[in-house]
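Containing PDB, C-alpha atoms: structure-v3.pdb.
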```pdb
ATOM      1  CA  MET A  19     127.831 132.126  93.640  1.00  0.00           C
ATOM      2  CA  LEU A  20     124.715 134.285  93.873  1.00  0.00           C
ATOM      3  CA  GLY A  21     126.772 137.208  95.148  1.00  0.00           C
ATOM      4  CA  LEU A  22     129.317 136.763  92.347  1.00  0.00           C
ATOM      5  CA  LEU A  23     126.551 136.644  89.744  1.00  0.00           C
ATOM      6  CA  VAL A  24     125.014 139.843  91.104  1.00  0.00           C
ATOM      7  CA  VAL A  25     128.341 141.662  91.002  1.00  0.00           C
ATOM      8  CA  ALA A  26     129.097 140.257  87.535  1.00  0.00           C
ATOM      9  CA  GLY A  27     125.714 141.447  86.283  1.00  0.00           C
ATOM     10  CA  ILE A  28     126.290 144.963  87.543  1.00  0.00           C
ATOM     11  CA  VAL A  29     129.805 145.082  86.075  1.00  0.00           C
ATOM     12  CA  ALA A  30     128.576 143.703  82.749  1.00  0.00           C
ATOM     13  CA  GLY A  31     125.799 146.284  82.689  1.00  0.00           C
ATOM     14  CA  SER A  32     128.328 149.047  83.249  1.00  0.00           C
ATOM     15  CA  LEU A  33     130.682 147.767  80.546  1.00  0.00           C
ATOM     16  CA  LEU A  34     128.170 146.797  77.891  1.00  0.00           C
ATOM     17  CA  GLY A  35     125.724 149.630  78.367  1.00  0.00           C
ATOM     18  CA  ASP A  36     122.398 150.024  80.130  1.00  0.00           C
ATOM     19  CA  PRO A  37     120.546 146.668  79.808  1.00  0.00           C
ATOM     20  CA  GLU A  38     117.153 148.347  79.642  1.00  0.00           C
ATOM     21  CA  TRP A  39     115.660 145.589  77.528  1.00  0.00           C
ATOM     22  CA  VAL A  40     116.356 142.966  80.237  1.00  0.00           C
ATOM     23  CA  LEU A  41     114.775 145.083  82.969  1.00  0.00           C
ATOM     24  CA  ALA A  42     111.861 146.035  80.729  1.00  0.00           C
ATOM     25  CA  ALA A  43     111.209 142.382  79.884  1.00  0.00           C
ATOM     26  CA  GLY A  44     111.337 141.372  83.532  1.00  0.00           C
ATOM     27  CA  GLN A  45     109.095 144.215  84.631  1.00  0.00           C
ATOM     28  CA  GLN A  46     106.623 143.378  81.893  1.00  0.00           C
ATOM     29  CA  LEU A  47     106.612 139.730  82.938  1.00  0.00           C
ATOM     30  CA  THR A  48     105.879 140.559  86.569  1.00  0.00           C
ATOM     31  CA  ALA A  49     103.541 143.520  86.015  1.00  0.00           C
ATOM     32  CA  ASP A  50     100.505 141.308  85.481  1.00  0.00           C
ATOM     33  CA  PRO A  51      99.168 139.678  88.694  1.00  0.00           C
ATOM     34  CA  TRP A  52      98.091 136.625  86.698  1.00  0.00           C
ATOM     35  CA  ARG A  53     101.607 136.113  85.378  1.00  0.00           C
ATOM     36  CA  LEU A  54     102.971 136.409  88.902  1.00  0.00           C
ATOM     37  CA  ALA A  55     100.442 133.817  90.039  1.00  0.00           C
ATOM     38  CA  GLY A  56     101.540 131.595  87.157  1.00  0.00           C
ATOM     39  CA  LEU A  57     105.172 131.860  88.289  1.00  0.00           C
ATOM     40  CA  VAL A  58     104.155 130.870  91.822  1.00  0.00           C
ATOM     41  CA  VAL A  59     102.321 127.829  90.454  1.00  0.00           C
ATOM     42  CA  LEU A  60     105.323 126.977  88.266  1.00  0.00           C
ATOM     43  CA  MET A  61     107.595 127.123  91.308  1.00  0.00           C
ATOM     44  CA  ALA A  62     105.280 124.800  93.244  1.00  0.00           C
ATOM     45  CA  VAL A  63     105.118 122.300  90.384  1.00  0.00           C
ATOM     46  CA  LEU A  64     108.888 122.283  89.888  1.00  0.00           C
ATOM     47  CA  PHE A  65     109.596 121.653  93.576  1.00  0.00           C
ATOM     48  CA  THR A  66     106.898 118.957  93.714  1.00  0.00           C
ATOM     49  CA  PHE A  67     108.689 116.933  91.044  1.00  0.00           C
ATOM     50  CA  ALA A  68     112.222 117.596  92.384  1.00  0.00           C
ATOM     51  CA  LEU A  69     113.042 120.109  89.643  1.00  0.00           C
ATOM     52  CA  PRO A  70     114.934 123.415  90.172  1.00  0.00           C
ATOM     53  CA  GLY A  71     112.102 125.598  91.430  1.00  0.00           C
ATOM     54  CA  SER A  72     114.629 128.091  92.796  1.00  0.00           C
ATOM     55  CA  LEU A  73     115.065 129.372  89.229  1.00  0.00           C
ATOM     56  CA  VAL A  74     111.753 131.197  89.645  1.00  0.00           C
ATOM     57  CA  VAL A  75     113.476 133.409  92.232  1.00  0.00           C
ATOM     58  CA  TRP A  76     115.400 134.998  89.333  1.00  0.00           C
ATOM     59  CA  LEU A  77     112.151 135.697  87.481  1.00  0.00           C
ATOM     60  CA  ILE A  78     110.447 137.464  90.402  1.00  0.00           C
ATOM     61  CA  ALA A  79     112.942 138.883  92.908  1.00  0.00           C
ATOM     62  CA  PRO A  80     114.821 141.351  90.642  1.00  0.00           C
ATOM     63  CA  PHE A  81     111.630 143.016  89.401  1.00  0.00           C
ATOM     64  CA  VAL A  82     109.256 142.986  92.382  1.00  0.00           C
ATOM     65  CA  PRO A  83     109.831 144.773  95.726  1.00  0.00           C
ATOM     66  CA  PRO A  84     110.898 142.327  98.462  1.00  0.00           C
ATOM     67  CA  TRP A  85     107.762 142.923 100.533  1.00  0.00           C
ATOM     68  CA  ILE A  86     105.774 141.461  97.608  1.00  0.00           C
ATOM     69  CA  ALA A  87     108.343 139.002  96.262  1.00  0.00           C
ATOM     70  CA  VAL A  88     109.031 137.202  99.546  1.00  0.00           C
ATOM     71  CA  PRO A  89     105.399 136.134 100.258  1.00  0.00           C
ATOM     72  CA  LEU A  90     105.072 134.958  96.649  1.00  0.00           C
ATOM     73  CA  LEU A  91     108.286 132.943  96.785  1.00  0.00           C
ATOM     74  CA  VAL A  92     107.481 131.473 100.192  1.00  0.00           C
ATOM     75  CA  THR A  93     104.006 130.486  98.967  1.00  0.00           C
ATOM     76  CA  GLY A  94     105.329 128.768  95.841  1.00  0.00           C
ATOM     77  CA  SER A  95     108.165 126.948  97.579  1.00  0.00           C
ATOM     78  CA  THR A  96     105.988 125.877 100.527  1.00  0.00           C
ATOM     79  CA  LEU A  97     103.315 124.472  98.214  1.00  0.00           C
ATOM     80  CA  GLY A  98     106.052 122.681  96.288  1.00  0.00           C
ATOM     81  CA  ALA A  99     107.524 121.359  99.530  1.00  0.00           C
ATOM     82  CA  MET A 100     104.140 119.985 100.553  1.00  0.00           C
ATOM     83  CA  GLY A 101     103.717 118.462  97.105  1.00  0.00           C
ATOM     84  CA  GLY A 102     107.125 116.785  97.289  1.00  0.00           C
ATOM     85  CA  TYR A 103     106.379 115.570 100.826  1.00  0.00           C
ATOM     86  CA  TRP A 104     103.091 114.032  99.672  1.00  0.00           C
ATOM     87  CA  LEU A 105     104.571 112.515  96.522  1.00  0.00           C
ATOM     88  CA  ALA A 106     107.485 110.904  98.377  1.00  0.00           C
ATOM     89  CA  GLY A 107     105.063 109.552 100.954  1.00  0.00           C
ATOM     90  CA  ARG A 108     103.041 107.907  98.196  1.00  0.00           C
ATOM     91  CA  LEU A 109     106.111 106.479  96.448  1.00  0.00           C
ATOM     92  CA  GLY A 110     107.434 105.093  99.707  1.00  0.00           C
ATOM     93  CA  SER A 111     111.038 104.637  98.547  1.00  0.00           C
ATOM     94  CA  ASP A 112     114.211 106.658  98.270  1.00  0.00           C
ATOM     95  CA  ARG A 113     114.247 107.457  94.579  1.00  0.00           C
ATOM     96  CA  GLY A 114     115.279 110.363  92.420  1.00  0.00           C
ATOM     97  CA  PRO A 115     117.199 113.123  94.207  1.00  0.00           C
ATOM     98  CA  LEU A 116     117.568 111.110  97.413  1.00  0.00           C
ATOM     99  CA  ARG A 117     120.114 108.802  95.778  1.00  0.00           C
ATOM    100  CA  ARG A 118     122.516 111.688  95.251  1.00  0.00           C
ATOM    101  CA  HIS A 119     122.438 112.854  98.885  1.00  0.00           C
ATOM    102  CA  PRO A 120     122.120 109.776 101.133  1.00  0.00           C
ATOM    103  CA  TRP A 121     123.909 111.577 103.990  1.00  0.00           C
ATOM    104  CA  LEU A 122     121.135 114.181 104.123  1.00  0.00           C
ATOM    105  CA  VAL A 123     118.487 111.469 104.282  1.00  0.00           C
ATOM    106  CA  ASP A 124     120.340 109.880 107.201  1.00  0.00           C
ATOM    107  CA  ALA A 125     120.669 113.290 108.871  1.00  0.00           C
ATOM    108  CA  LEU A 126     116.923 113.883 108.653  1.00  0.00           C
ATOM    109  CA  ARG A 127     116.280 110.370 109.911  1.00  0.00           C
ATOM    110  CA  ARG A 128     118.290 111.167 113.046  1.00  0.00           C
ATOM    111  CA  HIS A 129     117.595 114.893 113.378  1.00  0.00           C
ATOM    112  CA  GLY A 130     114.220 115.583 111.784  1.00  0.00           C
ATOM    113  CA  ASP A 131     112.988 118.000 114.440  1.00  0.00           C
ATOM    114  CA  PHE A 132     111.727 121.535 113.845  1.00  0.00           C
ATOM    115  CA  LEU A 133     114.995 123.354 114.601  1.00  0.00           C
ATOM    116  CA  HIS A 134     117.121 121.192 112.313  1.00  0.00           C
ATOM    117  CA  LEU A 135     114.564 121.452 109.525  1.00  0.00           C
ATOM    118  CA  MET A 136     114.421 125.239 109.827  1.00  0.00           C
ATOM    119  CA  ALA A 137     118.226 125.516 109.825  1.00  0.00           C
ATOM    120  CA  MET A 138     118.430 123.418 106.663  1.00  0.00           C
ATOM    121  CA  ARG A 139     115.808 125.613 105.018  1.00  0.00           C
ATOM    122  CA  THR A 140     117.441 128.877 106.053  1.00  0.00           C
ATOM    123  CA  PHE A 141     121.069 128.221 105.144  1.00  0.00           C
ATOM    124  CA  PRO A 142     122.197 127.557 101.550  1.00  0.00           C
ATOM    125  CA  GLY A 143     123.807 124.205 100.784  1.00  0.00           C
ATOM    126  CA  PHE A 144     120.849 121.930 101.509  1.00  0.00           C
ATOM    127  CA  PRO A 145     118.872 120.896  98.375  1.00  0.00           C
ATOM    128  CA  HIS A 146     115.194 121.733  98.803  1.00  0.00           C
ATOM    129  CA  SER A 147     113.900 118.750  96.851  1.00  0.00           C
ATOM    130  CA  VAL A 148     115.959 116.299  98.908  1.00  0.00           C
ATOM    131  CA  ILE A 149     114.563 117.759 102.131  1.00  0.00           C
ATOM    132  CA  ASN A 150     111.010 117.575 100.753  1.00  0.00           C
ATOM    133  CA  TYR A 151     111.286 113.985  99.548  1.00  0.00           C
ATOM    134  CA  ALA A 152     113.226 112.715 102.551  1.00  0.00           C
ATOM    135  CA  ALA A 153     110.737 114.289 104.971  1.00  0.00           C
ATOM    136  CA  GLY A 154     107.828 112.636 103.156  1.00  0.00           C
ATOM    137  CA  MET A 155     109.574 109.282 102.896  1.00  0.00           C
ATOM    138  CA  LEU A 156     110.469 109.333 106.601  1.00  0.00           C
ATOM    139  CA  ARG A 157     106.986 110.556 107.610  1.00  0.00           C
ATOM    140  CA  LEU A 158     108.355 113.504 109.589  1.00  0.00           C
ATOM    141  CA  SER A 159     105.862 115.692 111.431  1.00  0.00           C
ATOM    142  CA  ARG A 160     103.854 117.656 108.843  1.00  0.00           C
ATOM    143  CA  VAL A 161     103.282 120.573 111.200  1.00  0.00           C
ATOM    144  CA  ALA A 162     106.990 120.916 112.003  1.00  0.00           C
ATOM    145  CA  PHE A 163     107.871 120.434 108.330  1.00  0.00           C
ATOM    146  CA  VAL A 164     105.519 123.155 107.078  1.00  0.00           C
ATOM    147  CA  LEU A 165     106.358 125.659 109.837  1.00  0.00           C
ATOM    148  CA  ALA A 166     110.104 125.125 109.371  1.00  0.00           C
ATOM    149  CA  THR A 167     109.684 125.599 105.629  1.00  0.00           C
ATOM    150  CA  ILE A 168     107.738 128.849 105.987  1.00  0.00           C
ATOM    151  CA  LEU A 169     110.020 130.398 108.608  1.00  0.00           C
ATOM    152  CA  GLY A 170     113.314 129.224 107.122  1.00  0.00           C
ATOM    153  CA  LEU A 171     112.470 130.261 103.572  1.00  0.00           C
ATOM    154  CA  SER A 172     111.083 133.609 104.742  1.00  0.00           C
ATOM    155  CA  VAL A 173     114.575 134.443 105.986  1.00  0.00           C
ATOM    156  CA  LYS A 174     116.363 132.963 102.986  1.00  0.00           C
ATOM    157  CA  TRP A 175     114.140 134.412 100.260  1.00  0.00           C
ATOM    158  CA  GLY A 176     114.086 137.726 102.129  1.00  0.00           C
ATOM    159  CA  VAL A 177     117.863 138.028 101.788  1.00  0.00           C
ATOM    160  CA  TYR A 178     117.893 136.810  98.182  1.00  0.00           C
ATOM    161  CA  ALA A 179     115.069 139.144  97.169  1.00  0.00           C
ATOM    162  CA  SER A 180     116.778 142.139  98.780  1.00  0.00           C
ATOM    163  CA  VAL A 181     120.055 141.372  96.986  1.00  0.00           C
ATOM    164  CA  LEU A 182     118.502 140.841  93.554  1.00  0.00           C
ATOM    165  CA  TYR A 183     116.095 143.770  93.749  1.00  0.00           C
ATOM    166  CA  GLY A 184     118.837 146.104  94.965  1.00  0.00           C
ATOM    167  CA  ALA A 185     121.133 144.939  92.168  1.00  0.00           C
ATOM    168  CA  ALA A 186     118.434 145.486  89.540  1.00  0.00           C
ATOM    169  CA  GLU A 187     117.796 149.003  90.860  1.00  0.00           C
ATOM    170  CA  ALA A 188     121.544 149.737  90.783  1.00  0.00           C
ATOM    171  CA  ILE A 189     121.740 148.604  87.154  1.00  0.00           C
ATOM    172  CA  GLU A 190     118.667 150.641  86.214  1.00  0.00           C
ATOM    173  CA  ARG A 191     120.114 153.771  87.815  1.00  0.00           C
ATOM    174  CA  GLY A 192     123.504 153.108  86.270  1.00  0.00           C
ATOM    175  CA  GLU A 193     125.135 153.229  89.695  1.00  0.00           C
ATOM    176  CA  ALA A 194     127.673 150.990  91.347  1.00  0.00           C
ATOM    177  CA  LEU A 195     126.865 148.915  94.396  1.00  0.00           C
ATOM    178  CA  ASP A 196     125.542 151.106  97.187  1.00  0.00           C
ATOM    179  CA  LEU A 197     124.800 150.511 100.867  1.00  0.00           C
ATOM    180  CA  HIS A 198     121.334 149.120 100.149  1.00  0.00           C
ATOM    181  CA  THR A 199     122.896 146.382  98.013  1.00  0.00           C
ATOM    182  CA  LEU A 200     126.045 145.774 100.047  1.00  0.00           C
ATOM    183  CA  VAL A 201     124.238 145.084 103.333  1.00  0.00           C
ATOM    184  CA  PRO A 202     122.069 142.230 101.934  1.00  0.00           C
ATOM    185  CA  LEU A 203     125.166 140.888 100.143  1.00  0.00           C
ATOM    186  CA  ALA A 204     127.016 140.807 103.467  1.00  0.00           C
ATOM    187  CA  VAL A 205     124.094 138.986 105.093  1.00  0.00           C
ATOM    188  CA  LEU A 206     124.049 136.553 102.162  1.00  0.00           C
ATOM    189  CA  ALA A 207     127.773 135.909 102.613  1.00  0.00           C
ATOM    190  CA  VAL A 208     127.174 135.097 106.285  1.00  0.00           C
ATOM    191  CA  LEU A 209     124.354 132.706 105.329  1.00  0.00           C
ATOM    192  CA  LEU A 210     126.572 131.010 102.743  1.00  0.00           C
ATOM    193  CA  LEU A 211     129.424 130.546 105.222  1.00  0.00           C
ATOM    194  CA  ALA A 212     127.099 129.340 107.962  1.00  0.00           C
ATOM    195  CA  GLY A 213     125.371 126.998 105.525  1.00  0.00           C
ATOM    196  CA  GLY A 214     128.672 125.456 104.446  1.00  0.00           C
ATOM    197  CA  TRP A 215     129.768 125.020 108.049  1.00  0.00           C
ATOM    198  CA  LEU A 216     126.433 123.476 109.063  1.00  0.00           C
ATOM    199  CA  ARG A 217     126.438 121.162 106.038  1.00  0.00           C
ATOM    200  CA  GLN A 218     129.900 119.838 106.929  1.00  0.00           C
ATOM    201  CA  ARG A 219     128.962 119.421 110.578  1.00  0.00           C
ATOM    202  CA  VAL A 220     125.764 117.529 109.731  1.00  0.00           C
ATOM    203  CA  ARG A 221     127.609 115.344 107.252  1.00  0.00           C
ATOM    204  CA  ARG A 222     130.354 114.519 109.771  1.00  0.00           C
ATOM    205  CA  SER A 223     127.749 113.650 112.388  1.00  0.00           C
ATOM    206  CA  VAL A 224     126.239 111.152 109.966  1.00  0.00           C
ATOM    207  CA  ASP A 225     129.448 109.725 108.493  1.00  0.00           C
ATOM    208  CA  GLY A 226     131.269 109.522 111.845  1.00  0.00           C
ATOM    209  CA  PRO A 227     129.181 106.802 113.531  1.00  0.00           C
ATOM    210  CA  ALA A 228     128.895 104.911 110.231  1.00  0.00           C
ATOM    211  CA  GLY A 229     132.676 104.699 109.902  1.00  0.00           C
ATOM    212  CA  ARG A 230     133.253 103.358 113.390  1.00  0.00           C
TER     213      ARG A 230
END
```
Starting from the file, give its structure as structure tokens.
Amino acid sequence: MLGLLVVAGIVAGSLLGDPEWVLAAGQQLTADPWRLAGLVVLMAVLFTFALPGSLVVWLIAPFVPPWIAVPLLVTGSTLGAMGGYWLAGRLGSDRGPLRRHPWLVDALRRHGDFLHLMAMRTFPGFPHSVINYAAGMLRLSRVAFVLATILGLSVKWGVYASVLYGAAEAIERGEALDLHTLVPLAVLAVLLLAGGWLRQRVRRSVDGPAGR
């Protein structure tokens, strides 16, 4: 869906004219370091309370070079992950987002090691808030949880930031998709396919024994 939205945005920009006002507004929003810091804090707060913190990616990544955007996004999402982990640990029950994805809670209960956590963070298809809350509720290793979050999201946000920033530059130049945008899109497609495959495999591994 992210790839389709990027392509749709570029096509719409070509058909409707140069959307300079959108780019100008985004660049103005992210030009001030304090506003960028505020977006990072907003992302952390949203993830802490199981809200869609990933929306902040769209406010930063298209307007800030990836080498700046990725550390900011990883910082905000990691702080939010730690906040969700702590909050779920204090609540001590499977509430909120965990009710909608019980299979993922069971998967983390059985496979809550570093490698599985990092795979779930890296590949799309695994809700961040569910991972955060389930890890806190199950008292998974904090060190493994934080390291998996940082490494997995560094890869994921790196690809997303490259795609969105490249698309914004293509729109600003009035050009079609070029190699710099197509390569991250191809990597994103691989992540999406791998994430869907991994999600189905994890779900089958949880549902299989339960159905026997």
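Ranking A:Leu216, A:Ala162, A:Ala204, A:Leu171 by their shortest atom-to-atom distance to A:His146, with only C-alpha atoms included, puts A:Leu171 first.
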Excluding A:Asp124 and any residue of its chain fewer than 4 positions from it, enumerate the residues within 7 Å of it, using all atoms listed in the file, and give them as JSON, numbers by chain. {"A": [120, 128, 224]}
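Between A:Thr167 and the residues A:Val201, A:Ala87, A:Met138, A:Val181, the shortest atom-to-atom distance, using only C-alpha atoms, involves A:Met138.
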Looking at A:His119, A:His134, A:Arg139, A:Arg108, which one is nearest to A:Arg157, with distances taken over all atoms listed in the file? A:Arg108
Atom CA of A:Gly101 to atom CA of A:Ala212, distance in Å rounded to a single decimal: 28.0 Å
Which value, in Å to one decimal, gives the distance between atom CA of A:Leu211 and atom CA of A:Ser172? 18.6 Å
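Closest approach to A:Leu64 from the set A:Gln46, A:Val92, A:Gly214, A:Gly102 is made by A:Gly102, with distances taken over all atoms listed in the file.
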Between A:Pro142, A:Gly130, A:Gln218, A:Trp121, which is the closest to A:Trp175 once you count all atoms listed in the file? A:Pro142
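This file, filtered with the PyMOL selection byres ((chain A and resi 147) around 9), gives the residues Phe65, Thr66, Phe67, Ala68, Leu69, Pro70, Gly71, Gly98, Ala99, Gly102, Pro115, Leu116, Phe144, Pro145, His146, Val148, Ile149, Asn150, Tyr151 and Ala152 of chain A.
Between atom CA of A:Asp50 and atom CA of A:Pro83 the interatomic distance comes to 14.3 Å.
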